[in-house]
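Here's start37.pdb, which has PDB, C-alpha atoms and all ligand atoms:
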ATOM      1  CA  MET A   1     -13.507   5.101  -2.958
ATOM      2  CA  SER A   2     -14.694   8.435  -4.160
ATOM      3  CA  THR A   3     -16.864   9.073  -7.127
ATOM      4  CA  VAL A   4     -13.976  11.162  -8.441
ATOM      5  CA  ALA A   5     -11.905   7.993  -8.541
ATOM      6  CA  ALA A   6     -14.639   6.063 -10.245
ATOM      7  CA  SER A   7     -15.277   8.709 -12.890
ATOM      8  CA  ALA A   8     -11.592   9.178 -13.654
ATOM      9  CA  THR A   9     -11.191   5.493 -14.273
ATOM     10  CA  ALA A  10     -12.344   5.445 -17.841
ATOM     11  CA  ALA A  11      -9.608   7.874 -18.823
ATOM     12  CA  PHE A  12      -6.821   5.883 -17.216
ATOM     13  CA  ALA A  13      -5.447   2.677 -18.597
ATOM     14  CA  PRO A  14      -1.940   1.413 -19.247
ATOM     15  CA  ASP A  15      -0.685   3.155 -22.329
ATOM     16  CA  ARG A  16       0.449   0.139 -24.297
ATOM     17  CA  THR A  17       1.481   2.262 -27.256
ATOM     18  CA  ALA A  18       3.960   4.385 -25.319
ATOM     19  CA  ASP A  19       7.572   4.134 -26.351
ATOM     20  CA  VAL A  20       9.233   2.019 -23.717
ATOM     21  CA  SER A  21      12.274   1.321 -25.859
ATOM     22  CA  ARG A  22      13.922   4.544 -24.732
ATOM     23  CA  SER A  23      15.905   2.796 -22.042
ATOM     24  CA  GLU A  24      17.212  -0.680 -21.334
ATOM     25  CA  PRO A  25      15.058  -2.750 -18.986
ATOM     26  CA  TYR A  26      16.385  -2.243 -15.499
ATOM     27  CA  GLU A  27      17.883  -5.374 -13.977
ATOM     28  CA  THR A  28      16.828  -5.676 -10.365
ATOM     29  CA  VAL A  29      19.265  -7.563  -8.175
ATOM     30  CA  GLY A  30      17.735 -10.412  -6.143
ATOM     31  CA  GLU A  31      14.691 -12.655  -6.320
ATOM     32  CA  ILE A  32      11.673 -10.714  -7.568
ATOM     33  CA  HIS A  33       9.426 -13.792  -7.595
ATOM     34  CA  SER A  34       7.391 -15.046  -4.685
ATOM     35  CA  PRO A  35       6.171 -18.643  -4.522
ATOM     36  CA  SER A  36       2.853 -17.412  -3.095
ATOM     37  CA  ALA A  37       2.392 -14.361  -5.352
ATOM     38  CA  ARG A  38      -0.904 -12.493  -4.956
ATOM     39  CA  ILE A  39       0.216  -9.462  -6.917
ATOM     40  CA  THR A  40       2.561  -9.632  -9.884
ATOM     41  CA  VAL A  41       4.024  -6.437 -11.276
ATOM     42  CA  ARG A  42       5.733  -6.670 -14.654
ATOM     43  CA  ASP A  43       7.612  -3.999 -16.613
ATOM     44  CA  VAL A  44       5.735  -1.199 -14.910
ATOM     45  CA  THR A  45       6.759   2.316 -15.815
ATOM     46  CA  VAL A  46       4.845   5.367 -14.591
ATOM     47  CA  TRP A  47       5.095   8.861 -16.018
ATOM     48  CA  TYR A  48       3.907  12.160 -14.626
ATOM     49  CA  GLY A  49       3.712  14.091 -17.890
ATOM     50  CA  GLU A  50       7.172  13.665 -19.411
ATOM     51  CA  LYS A  51       8.799  12.823 -16.121
ATOM     52  CA  ILE A  52       9.331   9.232 -15.047
ATOM     53  CA  GLY A  53       8.135   8.292 -11.563
ATOM     54  CA  ILE A  54       9.173   4.632 -11.620
ATOM     55  CA  GLU A  55      10.752   2.687 -14.445
ATOM     56  CA  ASN A  56      10.556  -0.934 -15.456
ATOM     57  CA  VAL A  57       9.593  -2.362 -12.110
ATOM     58  CA  ASN A  58       9.163  -6.130 -11.755
ATOM     59  CA  ILE A  59       8.200  -7.751  -8.468
ATOM     60  CA  ASP A  60       5.740 -10.155  -6.820
ATOM     61  CA  ILE A  61       3.994  -9.595  -3.521
ATOM     62  CA  GLY A  62       3.198 -12.866  -1.780
ATOM     63  CA  SER A  63       0.559 -13.877   0.723
ATOM     64  CA  ASN A  64       1.372 -13.863   4.425
ATOM     65  CA  GLU A  65       4.273 -11.531   3.968
ATOM     66  CA  VAL A  66       5.130  -7.949   4.673
ATOM     67  CA  LEU A  67       7.133  -6.442   1.831
ATOM     68  CA  ALA A  68       8.934  -3.308   3.014
ATOM     69  CA  LEU A  69       9.494  -0.611   0.384
ATOM     70  CA  VAL A  70      12.426   1.602   1.266
ATOM     71  CA  GLY A  71      14.563   4.236  -0.409
ATOM     72  CA  PRO A  72      15.348   7.947  -0.439
ATOM     73  CA  SER A  73      12.605  10.545  -0.741
ATOM     74  CA  GLY A  74      11.318  10.824  -4.315
ATOM     75  CA  CYS A  75      12.557   7.366  -5.376
ATOM     76  CA  GLY A  76       9.039   6.197  -6.303
ATOM     77  CA  LYS A  77       7.762   4.225  -3.303
ATOM     78  CA  SER A  78       4.364   5.922  -3.162
ATOM     79  CA  THR A  79       4.059   5.892  -6.947
ATOM     80  CA  PHE A  80       4.629   2.144  -6.907
ATOM     81  CA  LEU A  81       2.159   1.584  -4.081
ATOM     82  CA  ARG A  82      -0.529   3.689  -5.753
ATOM     83  CA  CYS A  83      -0.255   1.588  -8.928
ATOM     84  CA  LEU A  84      -1.379  -1.471  -7.042
ATOM     85  CA  ASN A  85      -4.911  -0.274  -6.414
ATOM     86  CA  ARG A  86      -5.019   2.253  -9.233
ATOM     87  CA  MET A  87      -4.872   5.305  -7.021
ATOM     88  CA  ASN A  88      -2.677   6.901  -9.695
ATOM     89  CA  ASP A  89      -5.771   6.983 -11.918
ATOM     90  CA  ILE A  90      -6.918  10.115 -10.146
ATOM     91  CA  ILE A  91      -3.672  12.026 -10.750
ATOM     92  CA  ASP A  92      -3.776  14.216 -13.849
ATOM     93  CA  ASN A  93      -1.061  13.499 -16.384
ATOM     94  CA  CYS A  94      -0.153  10.196 -14.787
ATOM     95  CA  ARG A  95       0.103   7.226 -17.126
ATOM     96  CA  MET A  96       1.530   3.773 -16.941
ATOM     97  CA  THR A  97       2.835   0.936 -19.076
ATOM     98  CA  GLY A  98       3.234  -2.671 -18.048
ATOM     99  CA  THR A  99       1.040  -5.224 -16.341
ATOM    100  CA  ILE A 100      -0.232  -5.701 -12.810
ATOM    101  CA  ARG A 101      -2.177  -8.805 -11.849
ATOM    102  CA  LEU A 102      -4.067  -9.586  -8.670
ATOM    103  CA  ASP A 103      -4.505 -13.336  -8.306
ATOM    104  CA  GLY A 104      -3.975 -13.586 -12.037
ATOM    105  CA  ASP A 105      -6.532 -10.893 -12.996
ATOM    106  CA  ASP A 106      -5.288  -7.869 -14.920
ATOM    107  CA  ILE A 107      -6.227  -4.915 -12.689
ATOM    108  CA  PHE A 108      -6.597  -2.717 -15.788
ATOM    109  CA  ASP A 109      -9.134  -4.986 -17.408
ATOM    110  CA  PRO A 110     -11.915  -2.605 -18.541
ATOM    111  CA  LYS A 111     -14.465  -5.032 -17.090
ATOM    112  CA  LEU A 112     -12.918  -4.778 -13.652
ATOM    113  CA  ASP A 113     -14.753  -2.602 -11.131
ATOM    114  CA  VAL A 114     -12.165  -0.228  -9.683
ATOM    115  CA  VAL A 115     -14.172   0.367  -6.503
ATOM    116  CA  LEU A 116     -14.133  -3.368  -5.888
ATOM    117  CA  LEU A 117     -10.426  -3.489  -6.682
ATOM    118  CA  ARG A 118      -9.787  -0.889  -3.981
ATOM    119  CA  ALA A 119     -11.700  -3.037  -1.514
ATOM    120  CA  ARG A 120      -9.570  -6.055  -2.469
ATOM    121  CA  VAL A 121      -6.417  -3.963  -2.259
ATOM    122  CA  GLY A 122      -6.966  -1.665   0.710
ATOM    123  CA  MET A 123      -4.820   1.324   1.582
ATOM    124  CA  VAL A 124      -3.713   3.007   4.783
ATOM    125  CA  PHE A 125      -2.108   6.428   4.437
ATOM    126  CA  GLN A 126       0.611   8.318   6.265
ATOM    127  CA  LYS A 127      -1.812  10.647   7.981
ATOM    128  CA  PRO A 128      -4.815   8.936   9.542
ATOM    129  CA  ASN A 129      -7.852  10.029   7.530
ATOM    130  CA  PRO A 130     -11.056   8.859   9.222
ATOM    131  CA  PHE A 131     -14.262   9.916   7.489
ATOM    132  CA  PRO A 132     -16.172  12.705   9.266
ATOM    133  CA  LYS A 133     -18.522  10.073  10.643
ATOM    134  CA  SER A 134     -18.921   8.067  13.811
ATOM    135  CA  ILE A 135     -16.418   5.378  14.733
ATOM    136  CA  TYR A 136     -19.084   2.800  13.896
ATOM    137  CA  ASP A 137     -19.912   4.291  10.511
ATOM    138  CA  ASN A 138     -16.248   4.597   9.533
ATOM    139  CA  VAL A 139     -15.963   0.833   9.730
ATOM    140  CA  ALA A 140     -19.482   0.023   8.496
ATOM    141  CA  TYR A 141     -19.237   2.221   5.399
ATOM    142  CA  GLY A 142     -17.307  -0.199   3.171
ATOM    143  CA  PRO A 143     -19.284  -3.344   4.076
ATOM    144  CA  ARG A 144     -22.508  -1.407   3.412
ATOM    145  CA  ILE A 145     -21.535  -0.100  -0.015
ATOM    146  CA  HIS A 146     -20.180  -3.495  -1.031
ATOM    147  CA  GLY A 147     -23.282  -5.299   0.169
ATOM    148  CA  LEU A 148     -21.324  -7.382   2.678
ATOM    149  CA  ALA A 149     -23.750  -6.603   5.489
ATOM    150  CA  GLU A 150     -27.475  -6.925   4.933
ATOM    151  CA  THR A 151     -28.795  -6.471   8.426
ATOM    152  CA  ARG A 152     -27.840  -4.345  11.376
ATOM    153  CA  VAL A 153     -26.739  -7.516  13.169
ATOM    154  CA  ASP A 154     -24.365  -8.390  10.280
ATOM    155  CA  THR A 155     -23.001  -4.880  10.311
ATOM    156  CA  ASP A 156     -22.537  -4.906  14.091
ATOM    157  CA  GLU A 157     -20.610  -8.130  13.801
ATOM    158  CA  ILE A 158     -18.301  -6.878  11.072
ATOM    159  CA  VAL A 159     -17.687  -3.616  12.930
ATOM    160  CA  GLN A 160     -16.842  -5.407  16.160
ATOM    161  CA  ARG A 161     -14.635  -8.014  14.495
ATOM    162  CA  SER A 162     -12.735  -5.421  12.464
ATOM    163  CA  LEU A 163     -12.163  -3.192  15.484
ATOM    164  CA  GLU A 164     -11.039  -6.192  17.514
ATOM    165  CA  ARG A 165      -8.574  -7.240  14.850
ATOM    166  CA  ALA A 166      -7.288  -3.699  14.624
ATOM    167  CA  GLY A 167      -6.728  -3.763  18.396
ATOM    168  CA  LEU A 168      -9.121  -0.881  19.016
ATOM    169  CA  TRP A 169     -12.355  -2.490  20.214
ATOM    170  CA  GLU A 170     -11.695  -2.304  23.952
ATOM    171  CA  GLU A 171     -10.864   1.384  23.709
ATOM    172  CA  VAL A 172     -13.927   2.406  21.696
ATOM    173  CA  LYS A 173     -16.703  -0.113  22.358
ATOM    174  CA  ASP A 174     -18.542   2.307  24.662
ATOM    175  CA  ARG A 175     -18.365   5.250  22.288
ATOM    176  CA  LEU A 176     -19.008   3.858  18.848
ATOM    177  CA  GLU A 177     -21.360   6.717  17.984
ATOM    178  CA  GLN A 178     -18.734   9.387  18.651
ATOM    179  CA  PRO A 179     -16.800  10.905  15.743
ATOM    180  CA  GLY A 180     -13.755   8.981  14.479
ATOM    181  CA  THR A 181     -11.887  12.256  14.237
ATOM    182  CA  GLY A 182     -12.112  12.622  18.035
ATOM    183  CA  LEU A 183      -9.702   9.732  18.621
ATOM    184  CA  SER A 184      -5.958  10.091  19.214
ATOM    185  CA  GLY A 185      -3.640   9.832  16.196
ATOM    186  CA  GLY A 186      -2.679   6.239  16.953
ATOM    187  CA  GLN A 187      -6.305   5.284  17.547
ATOM    188  CA  GLN A 188      -7.327   7.000  14.294
ATOM    189  CA  GLN A 189      -4.711   4.997  12.411
ATOM    190  CA  ARG A 190      -6.029   1.760  13.937
ATOM    191  CA  LEU A 191      -9.539   2.906  12.965
ATOM    192  CA  CYS A 192      -8.327   3.351   9.378
ATOM    193  CA  ILE A 193      -6.846  -0.144   9.493
ATOM    194  CA  ALA A 194     -10.167  -1.482  10.837
ATOM    195  CA  ARG A 195     -11.932   0.311   7.977
ATOM    196  CA  ALA A 196      -9.559  -1.286   5.441
ATOM    197  CA  ILE A 197      -9.979  -4.815   6.820
ATOM    198  CA  ALA A 198     -13.775  -4.517   7.239
ATOM    199  CA  VAL A 199     -14.243  -5.277   3.538
ATOM    200  CA  SER A 200     -12.080  -8.433   3.696
ATOM    201  CA  PRO A 201      -9.246  -7.272   1.448
ATOM    202  CA  GLU A 202      -6.610  -9.585   0.047
ATOM    203  CA  VAL A 203      -3.799  -7.065   0.085
ATOM    204  CA  ILE A 204      -3.164  -4.054   2.322
ATOM    205  CA  LEU A 205      -0.979  -1.179   1.184
ATOM    206  CA  MET A 206       0.495   1.067   3.865
ATOM    207  CA  ASP A 207       2.317   4.283   3.045
ATOM    208  CA  GLU A 208       4.389   5.299   6.081
ATOM    209  CA  PRO A 209       1.515   4.422   8.432
ATOM    210  CA  CYS A 210       3.449   5.267  11.605
ATOM    211  CA  SER A 211       5.266   8.429  10.633
ATOM    212  CA  ALA A 212       2.729  10.650  12.411
ATOM    213  CA  LEU A 213       2.663   8.476  15.536
ATOM    214  CA  ASP A 214       4.580   8.352  18.811
ATOM    215  CA  PRO A 215       6.737   5.302  19.647
ATOM    216  CA  ILE A 216       4.017   3.616  21.721
ATOM    217  CA  ALA A 217       1.353   3.976  19.027
ATOM    218  CA  THR A 218       3.962   2.874  16.471
ATOM    219  CA  ALA A 219       4.739  -0.285  18.433
ATOM    220  CA  ARG A 220       1.026  -1.016  18.560
ATOM    221  CA  ILE A 221       0.635  -0.675  14.796
ATOM    222  CA  GLU A 222       3.733  -2.792  14.176
ATOM    223  CA  GLU A 223       2.290  -5.600  16.319
ATOM    224  CA  LEU A 224      -0.920  -5.278  14.382
ATOM    225  CA  ILE A 225       0.880  -5.449  11.013
ATOM    226  CA  ASP A 226       2.582  -8.633  12.161
ATOM    227  CA  GLU A 227      -0.781 -10.163  13.096
ATOM    228  CA  LEU A 228      -2.459  -9.057   9.878
ATOM    229  CA  ARG A 229       0.291 -10.723   7.880
ATOM    230  CA  GLN A 230      -1.163 -14.094   8.876
ATOM    231  CA  GLN A 231      -4.092 -13.320   6.624
ATOM    232  CA  TYR A 232      -3.085 -10.688   4.100
ATOM    233  CA  ALA A 233      -0.295  -9.696   1.762
ATOM    234  CA  ILE A 234       1.052  -6.367   2.984
ATOM    235  CA  ALA A 235       3.213  -3.781   1.243
ATOM    236  CA  LEU A 236       4.622  -1.231   3.673
ATOM    237  CA  VAL A 237       6.469   1.958   2.759
ATOM    238  CA  THR A 238       8.716   3.076   5.575
ATOM    239  CA  HIS A 239      11.576   5.491   6.157
ATOM    240  CA  SER A 240      12.506   3.632   9.295
ATOM    241  CA  MET A 241      15.080   0.928   8.705
ATOM    242  CA  GLN A 242      14.351  -0.384  12.189
ATOM    243  CA  GLN A 243      10.695  -0.716  11.335
ATOM    244  CA  ALA A 244      11.453  -2.535   8.082
ATOM    245  CA  ALA A 245      13.764  -4.877   9.995
ATOM    246  CA  ARG A 246      11.164  -5.481  12.716
ATOM    247  CA  VAL A 247       8.073  -6.176  10.652
ATOM    248  CA  SER A 248       8.962  -7.225   7.118
ATOM    249  CA  GLN A 249      10.056 -10.529   5.648
ATOM    250  CA  ARG A 250      11.160  -9.093   2.300
ATOM    251  CA  THR A 251      12.539  -5.683   1.475
ATOM    252  CA  ALA A 252      12.602  -3.812  -1.826
ATOM    253  CA  TYR A 253      15.051  -0.945  -2.244
ATOM    254  CA  PHE A 254      14.112   1.812  -4.712
ATOM    255  CA  HIS A 255      16.486   4.452  -6.029
ATOM    256  CA  LEU A 256      15.602   7.211  -8.512
ATOM    257  CA  GLY A 257      12.587   5.290  -9.817
ATOM    258  CA  HIS A 258      14.406   1.974 -10.162
ATOM    259  CA  LEU A 259      13.810  -1.113  -8.105
ATOM    260  CA  VAL A 260      17.459  -1.739  -7.334
ATOM    261  CA  GLU A 261      17.322  -4.787  -5.105
ATOM    262  CA  VAL A 262      14.823  -7.164  -3.534
ATOM    263  CA  GLY A 263      15.544  -9.851  -1.005
ATOM    264  CA  GLU A 264      14.870 -11.365   2.365
ATOM    265  CA  THR A 265      14.895  -8.512   4.854
ATOM    266  CA  SER A 266      17.667 -10.121   6.903
ATOM    267  CA  GLN A 267      19.853 -10.423   3.800
ATOM    268  CA  ILE A 268      19.169  -6.862   2.634
ATOM    269  CA  PHE A 269      20.146  -5.476   6.026
ATOM    270  CA  THR A 270      23.149  -7.647   6.719
ATOM    271  CA  ASN A 271      24.476  -8.475   3.284
ATOM    272  CA  PRO A 272      23.111  -6.166   0.567
ATOM    273  CA  ARG A 273      24.279  -7.133  -2.894
ATOM    274  CA  HIS A 274      24.016  -3.753  -4.601
ATOM    275  CA  THR A 275      26.259  -0.888  -3.537
ATOM    276  CA  LEU A 276      23.329   1.559  -3.733
ATOM    277  CA  THR A 277      21.413  -0.565  -1.226
ATOM    278  CA  GLU A 278      24.438  -0.769   1.005
ATOM    279  CA  ASP A 279      24.977   2.993   0.888
ATOM    280  CA  TYR A 280      21.374   3.582   1.865
ATOM    281  CA  ILE A 281      21.105   1.126   4.708
ATOM    282  CA  THR A 282      24.412   2.190   6.163
ATOM    283  CA  GLY A 283      23.218   5.790   6.107
ATOM    284  CA  ARG A 284      25.474   7.139   3.380
ATOM    285  CA  VAL A 285      22.460   8.202   1.267
ATOM    286  CA  GLY A 286      18.963   9.359   2.018
TER     287      GLY A 286
HETATM  288  N1  LIG A 301       1.393  13.939  -8.529
HETATM  289  C1  LIG A 301       2.633  14.032  -9.031
HETATM  290  N2  LIG A 301       2.882  14.852 -10.073
HETATM  291  C2  LIG A 301       4.124  14.933 -10.612
HETATM  292  N3  LIG A 301       5.194  14.253 -10.173
HETATM  293  C3  LIG A 301       5.007  13.422  -9.124
HETATM  294  C4  LIG A 301       3.722  13.266  -8.497
HETATM  295  N4  LIG A 301       3.844  12.381  -7.489
HETATM  296  C5  LIG A 301       5.139  11.994  -7.489
HETATM  297  N5  LIG A 301       5.840  12.620  -8.466
HETATM  298  C6  LIG A 301       7.271  12.456  -8.774
HETATM  299  O1  LIG A 301       7.550  11.069  -8.952
HETATM  300  C7  LIG A 301       8.766  10.711  -8.304
HETATM  301  C8  LIG A 301       8.485   9.641  -7.267
HETATM  302  O2  LIG A 301       7.700  10.227  -6.231
HETATM  303  P1  LIG A 301       7.060   9.411  -5.035
HETATM  304  O3  LIG A 301       6.106  10.303  -4.340
HETATM  305  O4  LIG A 301       6.552   8.137  -5.551
HETATM  306  O5  LIG A 301       8.343   9.149  -4.139
HETATM  307  P2  LIG A 301       8.472   8.541  -2.669
HETATM  308  O6  LIG A 301       9.547   7.525  -2.743
HETATM  309  O7  LIG A 301       7.142   8.107  -2.184
HETATM  310  O8  LIG A 301       9.005   9.780  -1.822
HETATM  311  P3  LIG A 301       8.744  10.152  -0.264
HETATM  312  O9  LIG A 301       9.643   9.223   0.519
HETATM  313  O10 LIG A 301       9.201  11.568  -0.179
HETATM  314  O11 LIG A 301       7.299   9.979   0.034
HETATM  315  C9  LIG A 301       9.331  11.988  -7.713
HETATM  316  O12 LIG A 301      10.264  12.512  -8.616
HETATM  317  C10 LIG A 301       8.126  12.887  -7.595
HETATM  318  O13 LIG A 301       8.489  14.239  -7.706
HETATM  319 MG    MG A 302       5.910   8.714  -0.592
END
Rewrite the structure of this file - the entire thing - as structure tokens.
Amino acid sequence: MSTVAASATAAFAPDRTADVSRSEPYETVGEIHSPSARITVRDVTVWYGEKIGIENVNIDIGSNEVLALVGPSGCGKSTFLRCLNRMNDIIDNCRMTGTIRLDGDDIFDPKLDVVLLRARVGMVFQKPNPFPKSIYDNVAYGPRIHGLAETRVDTDEIVQRSLERAGLWEEVKDRLEQPGTGLSGGQQQRLCIARAIAVSPEVILMDEPCSALDPIATARIEELIDELRQQYAIALVTHSMQQAARVSQRTAYFHLGHLVEVGETSQIFTNPRHTLTEDYITGRVG
């Protein structure tokens, strides 16, 4: 939620004049629609300069589900995820065509406050990135800037509830004033999740949130993701097929910027319809 992001916003908007006729719309195999769609992505193409990052992507992300995004390195998973809360705005040369709606609202509407959007669509990164502040202030920061907590008592409550839901409260309740950066990697990642949920988001984006963690910390985060699903829509990028199988209900397979196939996770892993998906999940590619 930096000021850099806010100031770059004006320059970034879907380029509706760009020539999208240069290639046929890509036909994704499987059901792209969700009956409980929170986010709808339609005909989204992203360029970095002249180079295409993702092309013609169509998909819904529904409430109470974890959508796993999988595919070989460079296939566009992070590019796709960053579209959803306009994190691509801050990348020079990056432009987009197509439409993305959150609960029906166009996220590129000039009237929309991008800082608020990023609270509604929170993000957790690969490497835990706590602010250089206390554990307490890491979680309290968002509610304060969004005016969700007026008094110290309100703030205390939000901080405690968020840390409890992130499964970290018992481990940190006696040292809330210590720096967030002093926690272990797994604890830092749970702190970042607490920070994301403190502002009551609707959607949480996670880009390989466990790849820097050991198996025990990973199991902890996976349990947490499964709990959070009860309340949020979650999009999770992962290189671990086991993780996708354990925590997601739907899986989207990307290949060279195309969304090749979407389906129920169990179907994608046991009975993929596209040969590219099959090659990837059986380990022939990637
Ligand atoms: N900031 C950038 N500038 C230029 N090109 C970029 C940028 N970020 C991504 N790309 C390009 O866009 C394509 C998709 O990249 P992206 O990072 O989305 O892939 P990914 O699936 O997340 O890969 P990984 O699994 O390695 O994280 C790649 O060809 C990549 O080189
Ligand atoms: Mg990536």
- Skipping near chain neighbours, those fewer than 2 positions away, what residues fall within 12 Å of Asp106 of chain A using only C-alpha atoms, listed as a list in words? Ala13, Pro14, Arg38, Ile39, Thr40, Val41, Arg42, Leu84, Asn85, Arg86, Gly98, Thr99, Ile100, Arg101, Leu102, Asp103, Gly104, Phe108, Asp109, Pro110, Lys111, Leu112, Asp113, Val114 and Leu117 of chain A
Do you know which residues the PyMOL selection byres (((not hetatm)) within 7 of (chain A and resi 301)) returns on this file, as a PDB file with C-alpha atoms, in the coordinates of the input?
ATOM      1  CA  TYR A  48       3.907  12.160 -14.626  1.00  0.00           C
ATOM      2  CA  ILE A  52       9.331   9.232 -15.047  1.00  0.00           C
ATOM      3  CA  GLY A  53       8.135   8.292 -11.563  1.00  0.00           C
ATOM      4  CA  ILE A  54       9.173   4.632 -11.620  1.00  0.00           C
ATOM      5  CA  GLY A  71      14.563   4.236  -0.409  1.00  0.00           C
ATOM      6  CA  PRO A  72      15.348   7.947  -0.439  1.00  0.00           C
ATOM      7  CA  SER A  73      12.605  10.545  -0.741  1.00  0.00           C
ATOM      8  CA  GLY A  74      11.318  10.824  -4.315  1.00  0.00           C
ATOM      9  CA  CYS A  75      12.557   7.366  -5.376  1.00  0.00           C
ATOM     10  CA  GLY A  76       9.039   6.197  -6.303  1.00  0.00           C
ATOM     11  CA  LYS A  77       7.762   4.225  -3.303  1.00  0.00           C
ATOM     12  CA  SER A  78       4.364   5.922  -3.162  1.00  0.00           C
ATOM     13  CA  THR A  79       4.059   5.892  -6.947  1.00  0.00           C
ATOM     14  CA  PHE A  80       4.629   2.144  -6.907  1.00  0.00           C
ATOM     15  CA  ILE A  91      -3.672  12.026 -10.750  1.00  0.00           C
ATOM     16  CA  GLY A 257      12.587   5.290  -9.817  1.00  0.00           C
TER      17      GLY A 257
END
Could you work out an axis-aligned box for segment 260-277 of chain A, taking every atom the file lists and adding 5 Å on each side, and report centre and edge lengths in Å to one decimal, as lines of an AutoDock Vina configuration file?
center_x = 20.5
center_y = -4.9
center_z = -0.2
size_x = 21.4
size_y = 22.9
size_z = 24.2
Between atom CA of Ser162 of chain A and atom CA of Ala140 of chain A lies a distance of 9.5 Å
Excluding segment 135-137 of chain A and any residue of its chain fewer than 2 positions from it, enumerate the residues within 7 Å of it, using all atoms listed in the file, and give them as a compact mmCIF listing (two decimals) with C-alpha atoms, in the frame of the given file.
# COMPACT_ATOMS: atom_id res chain seq x y z
CA LYS A 133 -18.52 10.07 10.64
CA VAL A 139 -15.96 0.83 9.73
CA ALA A 140 -19.48 0.02 8.50
CA TYR A 141 -19.24 2.22 5.40
CA VAL A 159 -17.69 -3.62 12.93
CA LEU A 176 -19.01 3.86 18.85
CA GLU A 177 -21.36 6.72 17.98
CA GLN A 178 -18.73 9.39 18.65
CA PRO A 179 -16.80 10.90 15.74
CA GLY A 180 -13.76 8.98 14.48
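Atom CA of Arg82 of chain A is positioned 24.5 Å from atom CA of Thr181 of chain A.
When the PyMOL selection byres (((chain A and resi 226) around 10) and not hetatm) is evaluated on the file shown here, the picked residues come out as Asn64, Glu65, Val66, Ile221, Glu222, Glu223, Leu224, Ile225, Glu227, Leu228, Arg229, Gln230, Gln231, Ile234, Arg246, Val247 and Ser248 of chain A.
Nearest residue to ligand MG 302 (chain A) among A:Pro201, A:Pro272, A:Pro209, A:Gly283 is A:Pro209, counting all atoms listed in the file.
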Using all atoms listed in the file, the residue out of A:Glu170, A:Asp92, A:Asp207, A:Glu202 with shortest distance to ligand MG 302 (chain A) is A:Asp207
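Distances here use all atoms listed in the file; by that measure, the residue among A:Met206, A:Ser63, A:Ala252, A:Ala198 closest to Glu157 of chain A is A:Ala198.
For the choices A:Ala194, A:Ile61, A:Ala68, A:Ile90, the atom-to-atom distance to Ile268 of chain A is smallest for A:Ala68 when using all atoms listed in the file.
With distances restricted to all atoms listed in the file, A:Lys127 is the closest residue to ligand MG 302 (chain A) from A:Arg175, A:Arg120, A:Arg220, A:Lys127.
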Computed gap from atom CA of Ile193 of chain A to atom CA of Tyr253 of chain A is 24.9 Å
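The residues returned by the PyMOL selection byres (((chain A and resi 129) around 10) and not hetatm) for this structure are Val124, Phe125, Gln126, Lys127, Pro128, Pro130, Phe131, Pro132, Gly180, Thr181, Gly185, Gln188, Gln189, Leu191 and Cys192 of chain A.
Taking all atoms listed in the file into account, ligand MG 302 (chain A) lies nearest to A:Glu208 out of the set A:Glu50, A:Glu208, A:Glu55, A:Glu31.
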Notebook entry, point to check: Within 10 Å of Glu171 of chain A, counting only C-alpha atoms, which residues qualify if same-chain residues fewer than 6 places away don't, as a PyMOL selection string?
Noted result: chain A and resi 163-164+183+187
For segment 236-246 of chain A, supply N, CA and C atoms and report the output as a PDB file, keeping the file's coordinate frame.
ATOM      1  N   LEU A 236       4.454  -2.294   2.669  1.00  0.00           N
ATOM      2  CA  LEU A 236       4.622  -1.231   3.673  1.00  0.00           C
ATOM      3  C   LEU A 236       5.756  -0.302   3.274  1.00  0.00           C
ATOM      4  N   VAL A 237       5.418   0.959   3.004  1.00  0.00           N
ATOM      5  CA  VAL A 237       6.469   1.958   2.759  1.00  0.00           C
ATOM      6  C   VAL A 237       6.933   2.486   4.104  1.00  0.00           C
ATOM      7  N   THR A 238       8.232   2.505   4.318  1.00  0.00           N
ATOM      8  CA  THR A 238       8.716   3.076   5.575  1.00  0.00           C
ATOM      9  C   THR A 238      10.067   3.753   5.376  1.00  0.00           C
ATOM     10  N   HIS A 239      10.263   4.835   6.133  1.00  0.00           N
ATOM     11  CA  HIS A 239      11.576   5.491   6.157  1.00  0.00           C
ATOM     12  C   HIS A 239      12.409   4.973   7.320  1.00  0.00           C
ATOM     13  N   SER A 240      11.794   4.124   8.128  1.00  0.00           N
ATOM     14  CA  SER A 240      12.506   3.632   9.295  1.00  0.00           C
ATOM     15  C   SER A 240      13.095   2.250   8.994  1.00  0.00           C
ATOM     16  N   MET A 241      14.417   2.207   8.957  1.00  0.00           N
ATOM     17  CA  MET A 241      15.080   0.928   8.705  1.00  0.00           C
ATOM     18  C   MET A 241      14.772  -0.055   9.835  1.00  0.00           C
ATOM     19  N   GLN A 242      14.661   0.492  11.052  1.00  0.00           N
ATOM     20  CA  GLN A 242      14.351  -0.384  12.189  1.00  0.00           C
ATOM     21  C   GLN A 242      12.976  -1.008  12.004  1.00  0.00           C
ATOM     22  N   GLN A 243      12.043  -0.181  11.541  1.00  0.00           N
ATOM     23  CA  GLN A 243      10.695  -0.716  11.335  1.00  0.00           C
ATOM     24  C   GLN A 243      10.697  -1.798  10.251  1.00  0.00           C
ATOM     25  N   ALA A 244      11.382  -1.533   9.156  1.00  0.00           N
ATOM     26  CA  ALA A 244      11.453  -2.535   8.082  1.00  0.00           C
ATOM     27  C   ALA A 244      12.048  -3.824   8.639  1.00  0.00           C
ATOM     28  N   ALA A 245      13.104  -3.686   9.440  1.00  0.00           N
ATOM     29  CA  ALA A 245      13.764  -4.877   9.995  1.00  0.00           C
ATOM     30  C   ALA A 245      12.835  -5.612  10.965  1.00  0.00           C
ATOM     31  N   ARG A 246      12.031  -4.837  11.719  1.00  0.00           N
ATOM     32  CA  ARG A 246      11.164  -5.481  12.716  1.00  0.00           C
ATOM     33  C   ARG A 246       9.979  -6.211  12.092  1.00  0.00           C
TER      34      ARG A 246
END
